[in-house]
file start_36.txt (compact mmCIF, C-alpha atoms and all ligand atoms)
# COMPACT_ATOMS: atom_id res chain seq x y z
CA MET A 1 0.00 0.00 0.00
CA ASP A 2 1.42 3.36 -1.05
CA SER A 3 0.03 6.74 -0.07
CA THR A 4 1.10 10.26 -0.86
CA ILE A 5 -0.51 13.59 -0.03
CA VAL A 6 -1.54 15.14 -3.31
CA THR A 7 -1.03 18.87 -3.32
CA ASP A 8 -1.27 19.79 -7.03
CA GLN A 9 -3.80 22.50 -7.85
CA ILE A 10 -6.04 21.26 -10.61
CA VAL A 11 -8.01 23.66 -12.73
CA PRO A 12 -11.54 22.35 -13.32
CA THR A 13 -12.43 21.85 -16.95
CA ALA A 14 -15.78 22.70 -18.49
CA GLY A 15 -18.44 20.27 -17.43
CA ALA A 16 -17.32 19.82 -13.82
CA GLY A 17 -20.30 20.45 -11.64
CA ALA A 18 -22.89 19.96 -14.39
CA ASP A 19 -26.00 18.43 -12.93
CA SER A 20 -28.26 15.59 -13.97
CA ARG A 21 -32.00 15.87 -14.43
CA ARG A 22 -32.48 15.78 -10.66
CA THR A 23 -30.43 16.53 -7.57
CA PRO A 24 -29.63 13.80 -5.05
CA VAL A 25 -32.54 13.07 -2.78
CA SER A 26 -30.93 13.00 0.65
CA ARG A 27 -31.73 15.98 2.81
CA GLU A 28 -28.09 16.22 3.88
CA GLY A 29 -26.72 16.03 0.35
CA HIS A 30 -25.70 12.38 0.64
CA PHE A 31 -27.20 9.86 -1.71
CA ALA A 32 -27.04 6.16 -2.50
CA TRP A 33 -26.60 4.20 -5.69
CA LEU A 34 -27.08 0.48 -6.17
CA ASP A 35 -24.74 -1.58 -8.32
CA VAL A 36 -27.01 -4.30 -9.68
CA ARG A 37 -24.48 -5.89 -12.05
CA ALA A 38 -24.02 -8.91 -9.78
CA VAL A 39 -27.60 -9.11 -8.49
CA ASN A 40 -29.21 -12.29 -9.74
CA GLU A 41 -32.41 -12.24 -11.79
CA ASP A 42 -34.60 -13.60 -8.99
CA LEU A 43 -33.53 -10.90 -6.54
CA LEU A 44 -33.46 -7.97 -8.97
CA PRO A 45 -37.21 -7.09 -8.91
CA ALA A 46 -37.22 -6.91 -5.08
CA VAL A 47 -34.04 -4.80 -5.07
CA VAL A 48 -35.49 -2.39 -7.64
CA GLN A 49 -38.78 -2.12 -5.74
CA ALA A 50 -36.89 -1.38 -2.50
CA ALA A 51 -34.80 1.22 -4.35
CA LEU A 52 -37.90 3.01 -5.63
CA HIS A 53 -39.72 2.81 -2.33
CA HIS A 54 -36.76 4.13 -0.32
CA ARG A 55 -35.82 6.87 -2.76
CA ILE A 56 -32.44 5.50 -3.77
CA ASP A 57 -30.85 8.06 -6.10
CA GLY A 58 -29.49 5.78 -8.81
CA ILE A 59 -29.21 2.27 -10.19
CA LEU A 60 -25.95 1.33 -11.87
CA SER A 61 -25.83 -1.41 -14.46
CA ASP A 62 -23.80 -2.41 -17.53
CA ASP A 63 -26.99 -3.41 -19.36
CA VAL A 64 -29.41 -0.74 -20.64
CA ALA A 65 -32.23 -3.30 -20.45
CA THR A 66 -32.08 -3.06 -16.64
CA PHE A 67 -33.45 0.49 -16.89
CA GLU A 68 -36.59 -0.45 -18.82
CA GLY A 69 -39.70 0.75 -17.02
CA LEU A 70 -37.86 2.69 -14.33
CA PRO A 71 -39.66 5.86 -13.29
CA PRO A 72 -37.87 9.22 -13.67
CA THR A 73 -37.34 9.37 -9.91
CA VAL A 74 -34.32 7.08 -10.15
CA ARG A 75 -31.11 7.92 -11.97
CA ARG A 76 -30.16 5.36 -14.64
CA ILE A 77 -26.39 4.95 -14.55
CA LEU A 78 -24.64 2.95 -17.24
CA ALA A 79 -21.16 1.64 -16.45
CA VAL A 80 -19.09 1.07 -19.60
CA ASP A 81 -15.59 -0.29 -20.06
CA SER A 82 -15.10 0.97 -23.61
CA PRO A 83 -16.34 4.05 -25.50
CA VAL A 84 -20.03 3.87 -26.39
CA ALA A 85 -21.06 3.84 -30.04
CA GLU A 86 -22.50 6.85 -31.78
CA ASP A 87 -25.89 5.15 -32.18
CA PHE A 88 -26.10 4.43 -28.47
CA PRO A 89 -29.65 4.96 -27.06
CA TYR A 90 -28.68 7.98 -25.00
CA ASP A 91 -32.23 8.78 -23.94
CA ALA A 92 -32.37 5.45 -22.06
CA VAL A 93 -29.74 6.52 -19.53
CA ASP A 94 -29.09 9.57 -17.36
CA LEU A 95 -25.41 9.14 -16.67
CA VAL A 96 -22.59 7.16 -18.25
CA ILE A 97 -19.62 6.18 -16.11
CA VAL A 98 -16.53 5.22 -18.07
CA SER A 99 -13.59 3.34 -16.67
CA ASP A 100 -10.97 5.08 -18.80
CA ARG A 101 -10.55 8.76 -18.05
CA ALA A 102 -9.66 9.51 -21.69
CA ASP A 103 -13.07 8.23 -22.87
CA VAL A 104 -14.96 10.89 -20.96
CA HIS A 105 -13.87 13.41 -23.55
CA SER A 106 -14.82 11.24 -26.57
CA LYS A 107 -17.28 12.88 -28.92
CA HIS A 108 -19.91 10.16 -28.48
CA ILE A 109 -20.07 10.48 -24.76
CA GLY A 110 -20.79 14.14 -25.29
CA HIS A 111 -24.32 13.01 -26.27
CA THR A 112 -25.03 11.63 -22.83
CA PRO A 113 -26.97 13.81 -20.45
CA ASP A 114 -24.24 13.40 -17.88
CA ARG A 115 -20.90 11.66 -17.48
CA GLY A 116 -18.45 10.39 -14.93
CA VAL A 117 -15.29 8.37 -14.50
CA HIS A 118 -14.61 5.31 -12.38
CA VAL A 119 -11.19 5.43 -10.74
CA VAL A 120 -9.78 2.43 -8.88
CA VAL A 121 -7.38 3.80 -6.28
CA SER A 122 -4.68 1.29 -5.38
CA ASP A 123 -1.47 3.36 -5.09
CA ALA A 124 -0.07 6.89 -5.22
CA PRO A 125 -0.43 7.40 -9.01
CA THR A 126 -4.09 6.30 -9.02
CA LEU A 127 -4.75 8.47 -5.97
CA GLN A 128 -3.26 11.39 -7.91
CA GLU A 129 -5.50 10.53 -10.86
CA ALA A 130 -8.60 10.45 -8.62
CA CYS A 131 -7.69 13.88 -7.23
CA GLU A 132 -7.48 15.25 -10.76
CA VAL A 133 -10.63 13.56 -12.03
CA VAL A 134 -12.82 14.88 -9.19
CA ARG A 135 -12.03 18.39 -10.39
CA GLU A 136 -12.59 17.65 -14.07
CA VAL A 137 -15.87 15.75 -14.32
CA PRO A 138 -19.29 16.01 -12.68
CA TRP A 139 -19.18 12.50 -11.19
CA THR A 140 -16.26 10.44 -9.92
CA LEU A 141 -16.92 6.87 -8.89
CA LEU A 142 -14.18 5.72 -6.53
CA THR A 143 -13.16 2.20 -5.62
CA PHE A 144 -10.41 1.86 -3.02
CA THR A 145 -8.58 -1.44 -2.94
CA ASP A 146 -7.11 -0.93 0.54
CA PRO A 147 -9.17 -0.86 3.76
CA THR A 148 -7.82 2.53 4.96
CA LYS A 149 -10.00 5.59 4.44
CA ILE A 150 -7.03 8.02 4.25
CA PRO A 151 -6.97 8.05 0.41
CA LEU A 152 -10.69 8.89 0.44
CA GLU A 153 -9.97 11.80 2.82
CA ILE A 154 -7.42 13.10 0.32
CA VAL A 155 -9.82 12.81 -2.62
CA ILE A 156 -12.64 14.51 -0.67
CA ALA A 157 -10.27 17.37 0.17
CA ALA A 158 -9.26 17.64 -3.52
CA ALA A 159 -12.94 17.73 -4.56
CA GLU A 160 -13.78 20.61 -2.20
CA ASN A 161 -15.41 23.51 -4.07
CA SER A 162 -15.00 21.78 -7.47
CA GLY A 163 -18.70 21.12 -7.88
CA GLY A 164 -17.89 17.52 -8.84
CA ARG A 165 -19.45 14.74 -6.80
CA THR A 166 -17.72 11.72 -5.35
CA VAL A 167 -19.41 8.35 -5.15
CA THR A 168 -17.53 5.70 -3.19
CA THR A 169 -17.94 1.96 -3.54
CA VAL A 170 -18.77 0.46 -0.13
CA THR A 171 -18.41 -3.19 0.73
CA ASP A 172 -21.44 -3.41 3.03
CA VAL A 173 -23.77 -1.27 5.13
CA GLU A 174 -21.24 -0.99 7.99
CA ASP A 175 -18.66 0.35 5.56
CA ALA A 176 -21.32 2.78 4.28
CA GLU A 177 -21.74 4.23 7.80
CA ILE A 178 -18.01 5.00 7.96
CA VAL A 179 -17.59 6.29 4.41
CA LYS A 180 -20.47 8.70 4.98
CA LEU A 181 -18.53 10.29 7.85
CA VAL A 182 -14.96 10.39 6.49
CA LEU A 183 -13.45 13.86 6.86
CA GLU A 184 -16.71 15.03 8.47
CA HIS A 185 -18.43 15.66 5.11
CA GLY A 186 -17.95 12.13 3.82
CA SER A 187 -18.30 10.93 0.27
CA ASP A 188 -21.30 12.54 -1.45
CA GLY A 189 -22.59 9.24 -2.67
CA LEU A 190 -22.28 5.59 -1.69
CA LEU A 191 -22.41 2.73 -4.17
CA LEU A 192 -23.37 -0.65 -2.81
CA ALA A 193 -23.84 -3.98 -4.56
CA PRO A 194 -26.81 -5.18 -2.48
CA ARG A 195 -27.05 -8.78 -1.32
CA SER A 196 -30.71 -8.38 -0.39
CA ALA A 197 -33.58 -5.90 -0.46
CA ASP A 198 -32.87 -5.39 3.25
CA ASP A 199 -29.43 -3.98 2.35
CA VAL A 200 -31.22 -1.37 0.24
CA VAL A 201 -33.42 -0.30 3.15
CA LYS A 202 -30.41 -0.03 5.50
CA LEU A 203 -28.39 1.95 2.97
CA ALA A 204 -31.29 4.36 2.40
CA ARG A 205 -31.53 4.96 6.17
CA ILE A 206 -27.80 5.68 6.37
CA VAL A 207 -27.83 8.37 3.70
CA ASP A 208 -31.08 9.97 4.79
CA HIS A 209 -30.47 9.92 8.53
CA LYS A 210 -31.49 13.30 9.87
CA LEU A 211 -32.72 14.27 13.29
CA GLU A 212 -35.73 16.51 13.51
CA GLY A 213 -35.61 19.44 15.92
CA MET A 214 -37.67 19.20 19.11
CA GLU A 215 -40.19 21.48 20.65
CA LEU A 216 -39.04 22.33 24.15
CA SER A 217 -41.41 23.56 26.86
CA GLU A 218 -41.02 25.93 29.76
CA LEU A 219 -41.16 24.14 33.11
CA VAL A 220 -41.97 26.26 36.15
CA VAL A 221 -40.31 25.08 39.38
CA THR A 222 -42.78 24.30 42.19
CA LYS A 223 -40.65 22.48 44.78
CA VAL A 224 -36.96 21.95 45.61
CA GLU A 225 -36.00 19.37 48.26
CA HIS A 226 -32.71 18.03 49.63
CA ILE A 227 -33.38 14.31 49.75
CA GLY A 228 -30.14 12.76 51.01
CA MET A 229 -27.79 10.17 49.62
CA GLY A 230 -28.09 8.25 46.38
CA ASP A 231 -26.25 7.23 43.23
CA ARG A 232 -25.97 9.78 40.47
CA ALA A 233 -24.49 9.41 37.01
CA CYS A 234 -22.27 11.73 35.02
CA ILE A 235 -22.70 11.09 31.30
CA ASP A 236 -19.38 11.71 29.53
CA THR A 237 -19.73 11.95 25.76
CA CYS A 238 -17.21 11.53 22.94
CA SER A 239 -18.05 15.04 21.72
CA LEU A 240 -17.35 18.57 22.84
CA LEU A 241 -20.65 20.09 23.87
CA GLU A 242 -21.93 23.57 23.15
CA LEU A 243 -22.70 25.96 25.99
CA ASP A 244 -26.47 25.49 25.60
CA GLU A 245 -26.44 21.82 24.66
CA GLY A 246 -28.07 19.58 27.20
CA CYS A 247 -29.28 16.03 27.55
CA LEU A 248 -32.91 15.44 28.43
CA ILE A 249 -33.32 13.72 31.76
CA GLY A 250 -36.17 13.22 34.18
CA SER A 251 -37.76 10.97 36.75
CA PHE A 252 -40.95 10.60 34.72
CA SER A 253 -41.33 9.48 31.14
CA THR A 254 -43.64 12.43 30.51
CA GLY A 255 -41.20 15.18 31.50
CA MET A 256 -37.48 15.67 31.04
CA PHE A 257 -35.24 18.58 31.98
CA LEU A 258 -32.33 19.95 29.96
CA SER A 259 -29.22 19.14 31.96
CA CYS A 260 -26.39 21.66 31.50
CA SER A 261 -22.94 20.36 30.57
CA GLU A 262 -19.74 21.22 32.42
CA THR A 263 -18.80 23.45 29.48
CA HIS A 264 -19.25 26.56 31.61
CA PRO A 265 -16.36 27.34 33.97
CA LEU A 266 -16.75 26.30 37.58
CA PRO A 267 -14.71 27.50 40.53
CA TYR A 268 -12.47 24.81 42.09
CA MET A 269 -12.83 22.45 39.13
CA PRO A 270 -11.57 22.50 35.53
CA THR A 271 -14.33 22.34 32.91
CA ARG A 272 -15.30 18.95 31.52
CA PRO A 273 -16.86 20.15 28.23
CA PHE A 274 -17.95 16.61 27.34
CA ARG A 275 -19.90 15.93 30.55
CA TRP A 276 -23.41 16.20 31.88
CA ASN A 277 -23.59 15.70 35.62
CA ALA A 278 -26.96 14.30 34.75
CA GLY A 279 -28.98 12.77 37.53
CA ALA A 280 -29.88 9.87 39.77
CA VAL A 281 -29.62 6.35 38.41
CA HIS A 282 -33.39 5.81 38.02
CA SER A 283 -33.72 8.72 35.56
CA TYR A 284 -34.90 8.47 31.99
CA VAL A 285 -32.65 10.01 29.33
CA LEU A 286 -33.68 10.56 25.74
CA GLY A 287 -31.83 8.87 22.90
CA PRO A 288 -32.41 8.83 19.13
CA ASP A 289 -35.56 7.39 17.56
CA ASN A 290 -37.72 8.61 20.46
CA ARG A 291 -36.22 5.93 22.70
CA THR A 292 -35.45 6.45 26.37
CA ARG A 293 -33.00 4.57 28.54
CA TYR A 294 -32.39 4.57 32.25
CA VAL A 295 -29.20 6.42 33.11
CA SER A 296 -27.98 3.34 34.97
CA GLU A 297 -28.14 1.19 31.84
CA LEU A 298 -26.21 3.58 29.59
CA GLN A 299 -22.84 2.29 28.41
CA ALA A 300 -19.82 3.46 26.43
CA GLY A 301 -20.72 3.60 22.74
CA PHE A 302 -24.46 4.18 23.19
CA PRO A 303 -26.03 7.13 21.35
CA ILE A 304 -27.71 9.95 23.22
CA LEU A 305 -29.37 13.16 22.06
CA ALA A 306 -27.64 16.48 22.64
CA VAL A 307 -30.38 19.11 22.50
CA ARG A 308 -29.77 22.85 22.29
CA THR A 309 -32.07 25.38 23.93
CA ASP A 310 -33.46 26.31 20.48
CA GLY A 311 -34.60 22.69 20.07
CA SER A 312 -31.96 21.65 17.53
CA VAL A 313 -30.69 18.15 18.04
CA ARG A 314 -27.65 16.04 17.29
CA GLU A 315 -26.67 12.54 18.22
CA VAL A 316 -23.52 12.05 20.28
CA ARG A 317 -21.91 8.88 21.55
CA ILE A 318 -21.32 8.08 25.17
CA GLY A 319 -17.68 7.56 26.10
CA ARG A 320 -18.24 6.68 29.75
CA VAL A 321 -20.84 6.81 32.50
CA LYS A 322 -19.57 7.59 36.01
CA ILE A 323 -21.85 6.53 38.83
CA GLU A 324 -20.90 7.79 42.29
CA LYS A 325 -22.62 8.29 45.64
CA ARG A 326 -23.57 11.89 46.22
CA PRO A 327 -26.18 13.90 48.12
CA LEU A 328 -29.23 14.45 45.93
CA ILE A 329 -31.66 17.28 45.27
CA SER A 330 -35.19 16.80 43.91
CA ILE A 331 -36.64 19.46 41.63
CA THR A 332 -40.31 19.38 40.78
CA ALA A 333 -41.87 21.64 38.17
CA VAL A 334 -45.14 22.02 36.33
CA ALA A 335 -45.31 21.67 32.56
CA PRO A 336 -47.58 23.75 30.29
CA ASN A 337 -49.96 20.76 30.09
CA GLY A 338 -50.40 20.93 33.89
CA LYS A 339 -48.38 17.75 34.55
CA ASN A 340 -45.89 17.60 37.37
CA VAL A 341 -42.40 16.71 36.22
CA ASN A 342 -39.33 15.91 38.30
CA VAL A 343 -35.60 15.48 38.11
CA ILE A 344 -33.22 14.30 40.83
CA ALA A 345 -29.66 15.53 40.48
CA GLN A 346 -26.52 15.80 42.60
CA ASP A 347 -27.15 18.28 45.41
CA ASP A 348 -24.38 20.73 44.62
CA TRP A 349 -24.19 24.28 43.33
CA HIS A 350 -21.90 22.97 40.53
CA VAL A 351 -24.77 21.06 38.96
CA ARG A 352 -26.95 23.09 36.62
CA LEU A 353 -30.06 22.96 34.46
CA LEU A 354 -30.68 25.01 31.33
CA GLY A 355 -33.49 27.51 31.01
CA PRO A 356 -35.00 29.68 28.25
CA GLY A 357 -32.45 31.55 26.15
CA GLY A 358 -29.68 29.25 27.35
CA SER A 359 -29.82 30.49 30.96
CA VAL A 360 -27.68 28.42 33.32
CA ASN A 361 -29.36 27.61 36.64
CA ASN A 362 -27.44 26.14 39.58
CA VAL A 363 -29.70 23.51 41.13
CA THR A 364 -29.14 24.63 44.72
CA GLU A 365 -30.28 28.17 43.87
CA LEU A 366 -33.54 27.16 42.20
CA ARG A 367 -36.69 28.53 43.80
CA PRO A 368 -40.42 28.00 43.11
CA GLY A 369 -41.42 30.20 40.18
CA ASP A 370 -38.08 29.82 38.32
CA THR A 371 -38.41 28.72 34.70
CA LEU A 372 -36.41 25.87 33.15
CA LEU A 373 -36.52 24.21 29.76
CA GLY A 374 -37.55 20.65 29.09
CA TYR A 375 -39.39 18.17 26.93
CA VAL A 376 -42.88 16.98 27.72
CA PRO A 377 -43.78 13.85 25.73
CA THR A 378 -47.33 12.61 25.98
CA GLU A 379 -46.59 8.87 25.90
CA ALA A 380 -45.56 6.60 28.75
CA ARG A 381 -42.65 4.18 28.21
CA HIS A 382 -42.33 0.45 28.13
CA VAL A 383 -38.72 -0.76 27.87
CA GLY A 384 -37.84 2.70 26.56
CA LEU A 385 -40.37 2.64 23.74
CA PRO A 386 -43.28 5.07 23.69
CA ILE A 387 -46.63 3.50 24.53
CA THR A 388 -50.05 5.01 24.95
CA GLU A 389 -51.37 3.45 28.16
CA PHE A 390 -52.45 4.53 31.62
CA CYS A 391 -49.32 5.10 33.68
CA ASP A 392 -49.33 7.27 36.78
CA GLU A 393 -45.81 8.36 37.68
CA ARG A 394 -45.31 10.43 40.87
O1 LIG B 401 -18.96 15.73 43.29
C1 LIG B 401 -18.44 15.64 42.20
O2 LIG B 401 -18.02 14.57 41.82
C2 LIG B 401 -18.26 16.86 41.40
O3 LIG B 401 -17.54 17.71 41.76
C3 LIG B 401 -19.00 17.08 40.15
C4 LIG B 401 -18.50 16.42 38.91
O4 LIG B 401 -19.44 16.75 37.94
C5 LIG B 401 -17.10 16.78 38.45
O5 LIG B 401 -17.01 16.87 37.07
C6 LIG B 401 -16.21 15.66 38.83
O6 LIG B 401 -16.17 15.43 40.17
C7 LIG B 401 -14.79 15.77 38.34
O7 LIG B 401 -14.26 14.52 38.48
P1 LIG B 401 -13.12 13.98 37.54
O8 LIG B 401 -12.88 12.61 38.02
O9 LIG B 401 -13.59 14.04 36.15
O10 LIG B 401 -11.94 14.87 37.80
call {"tool": "encode", "arguments": {"input": "start_36.txt", "output": "structure tokens"}}
result
Amino acid sequence: MDSTIVTDQIVPTAGAGADSRRTPVSREGHFAWLDVRAVNEDLLPAVVQAALHHRIDGILSDDVATFEGLPPTVRRILAVDSPVAEDFPYDAVDLVIVSDRADVHSKHIGHTPDRGVHVVVSDAPTLQEACEVVREVPWTLLTFTDPTKIPLEIVIAAAENSGGRTVTTVTDVEDAEIVKLVLEHGSDGLLLAPRSADDVVKLARIVDHKLEGMELSELVVTKVEHIGMGDRACIDTCSLLELDEGCLIGSFSTGMFLSCSETHPLPYMPTRPFRWNAGAVHSYVLGPDNRTRYVSELQAGFPILAVRTDGSVREVRIGRVKIEKRPLISITAVAPNGKNVNVIAQDDWHVRLLGPGGSVNNVTELRPGDTLLGYVPTEARHVGLPITEFCDER
């Protein structure tokens, strides 16, 4: 394996950045293509149906017949190893991907609505070629022969601001998760040869994964009590948290408070900008997909929602949970729907909850009438999943 940092400035040629008849469907700009060349005849109809249903951006084949009957919502991508003939049925495809860079400039391919080049990156010269191609043509299909993602990072950096799109061949859905995140932006597109229709569904979820913002509510404090000893958990994440980014935690499934991270300076203690000193071990915390977990069952690697006071949300991973014995304080508040909500946290001035406008409220200074921010779901929970049933929590 050979790798070199490619620093040459490449001037984009005409055509780079040209678009096809539609833009990729993912809300984040990522999209998925399916390589159906090796999919057997029996499986193909199910794969195509899954692709259409899950808004896969394109289907890649070396046989124009595969595209017959496809609706205009899916991009028809023809992979060719040699230049296409002049009488090629250009209106049956949306994009032609050639394997030889020289062919992209052939006069016949000029008839295609759109064009790209497939580059197999296996050493320094082919990495250099990929870095040049991404700035010359609208679409670059990349296949990396080595397992490292460093060459992809270099190509993504070379493609920056060129207008050309990168599509990277992934070996499976796990690989797709990683390729989507390389160098933060990731490859624009992912090309997978599916082994089943289920692969198609998983790939679609990976490219279209986006968290909706949440509507936070004002919680008005009604009671603050020092309740003695218990076990509380600090949730340490693998991310640096923003000043107004909390986790949602509460004693009841129908009310969670926005815990403030140790991003704000504290006297006598360095900041821990990755930590929420969250609450007692019985507490619910909100994770992705509207799923709660008890703080005590969280583990390194689990996802959790980081929610800002404007309701915007991102998913962060837990790096560690620290459970220690500490004095506890119970804070009860009333939600706009009239429900009582509660959180039990460490009884110390250092521990804080977020309020409207990102206000930082030390728990030991809270008084009835103070306003905090939180989330007030209507459903109860059964094993962390929302369920509509009678459930009286107090
Ligand atoms: O009682 C405590 O414990 C605290 O002071 C509050 C914690 O949130 C604090 O971050 C922690 O104690 C620091 O511990 P460290 O082991 O991360 O140094």
call {"tool": "residues_around", "arguments": {"input": "start_36.txt", "residues": "Leu305 of chain A", "least_positions_apart": "3", "cutoff": "9 Å", "atoms": "only C-alpha atoms", "output": "list in words"}}
result
Gly246, Cys247, Leu248, Val285, Leu286, Gly287, Pro288, Val313, Arg314, Glu315, Val316 and Arg317 of chain A
call {"tool": "residues_near_ligand", "arguments": {"input": "start_36.txt", "ligand": "ligand LIG 401 (chain B)", "cutoff": "8 Å", "atoms": "only C-alpha atoms and all ligand atoms", "output": "list in words"}}
result
Cys234, Glu262, Met269, Pro270, Thr271, Arg272, Arg275, Trp276, Asn277, Glu324, Arg326, Gln346, Asp348, His350 and Val351 of chain A
call {"tool": "residues_around", "arguments": {"input": "start_36.txt", "residues": "segment 334-337 of chain A", "least_positions_apart": "2", "cutoff": "8 Å", "atoms": "all atoms listed in the file", "output": "mmCIF file with C-alpha atoms, in the frame of the given file"}}
result
data_model
loop_
_atom_site.group_PDB
_atom_site.id
_atom_site.type_symbol
_atom_site.label_atom_id
_atom_site.label_comp_id
_atom_site.auth_asym_id
_atom_site.auth_seq_id
_atom_site.Cartn_x
_atom_site.Cartn_y
_atom_site.Cartn_z
ATOM 1 C CA SER A 217 -41.410 23.560 26.860
ATOM 2 C CA GLU A 218 -41.020 25.930 29.760
ATOM 3 C CA LEU A 219 -41.160 24.140 33.110
ATOM 4 C CA VAL A 220 -41.970 26.260 36.150
ATOM 5 C CA VAL A 221 -40.310 25.080 39.380
ATOM 6 C CA THR A 222 -42.780 24.300 42.190
ATOM 7 C CA GLY A 255 -41.200 15.180 31.500
ATOM 8 C CA THR A 332 -40.310 19.380 40.780
ATOM 9 C CA LYS A 339 -48.380 17.750 34.550
ATOM 10 C CA ASN A 340 -45.890 17.600 37.370
ATOM 11 C CA VAL A 341 -42.400 16.710 36.220
ATOM 12 C CA VAL A 376 -42.880 16.980 27.720
#
call {"tool": "residues_around", "arguments": {"input": "start_36.txt", "residues": "Asp57 of chain A", "least_positions_apart": "4", "cutoff": "12 Å", "atoms": "all atoms listed in the file", "output": "ChimeraX atom specification"}}
result
/A:20-27,29-35,48,50-53,71-77,94-95,167,188-192,200,203-204,207-208
call {"tool": "closest_residue", "arguments": {"input": "start_36.txt", "among": "A:Leu152, A:Cys238, A:Leu216, A:Val119", "to": "Val179 of chain A", "atoms": "only C-alpha atoms"}}
result
A:Leu152
call {"tool": "atom_distance", "arguments": {"input": "start_36.txt", "atom1": "atom CA of Arg165 of chain A", "atom2": "atom CA of Gly116 of chain A"}}
result
9.3 Å
call {"tool": "atom_distance", "arguments": {"input": "start_36.txt", "atom1": "atom CA of Ser296 of chain A", "atom2": "atom CA of His282 of chain A"}}
result
6.7 Å
call {"tool": "closest_residue", "arguments": {"input": "start_36.txt", "among": "A:Gly369, A:Pro194, A:Gly213, A:Pro45", "to": "Val173 of chain A", "atoms": "all atoms listed in the file"}}
result
A:Pro194
call {"tool": "decode", "arguments": {"input": "start_36.txt", "residues": "segment 31-51 of chain A", "atoms": "C-alpha atoms", "output": "tab-separated table (two decimals), in the first residue's frame"}}
result
chain	number	residue	atom	x	y	z
A	31	PHE	CA	-27.20	9.86	-1.71
A	32	ALA	CA	-27.04	6.16	-2.50
A	33	TRP	CA	-26.60	4.20	-5.69
A	34	LEU	CA	-27.08	0.48	-6.17
A	35	ASP	CA	-24.74	-1.58	-8.32
A	36	VAL	CA	-27.01	-4.30	-9.68
A	37	ARG	CA	-24.48	-5.89	-12.05
A	38	ALA	CA	-24.02	-8.91	-9.78
A	39	VAL	CA	-27.60	-9.11	-8.49
A	40	ASN	CA	-29.21	-12.29	-9.74
A	41	GLU	CA	-32.41	-12.24	-11.79
A	42	ASP	CA	-34.60	-13.60	-8.99
A	43	LEU	CA	-33.53	-10.90	-6.54
A	44	LEU	CA	-33.46	-7.97	-8.97
A	45	PRO	CA	-37.21	-7.09	-8.91
A	46	ALA	CA	-37.22	-6.91	-5.08
A	47	VAL	CA	-34.04	-4.80	-5.07
A	48	VAL	CA	-35.49	-2.39	-7.64
A	49	GLN	CA	-38.78	-2.12	-5.74
A	50	ALA	CA	-36.89	-1.38	-2.50
A	51	ALA	CA	-34.80	1.22	-4.35
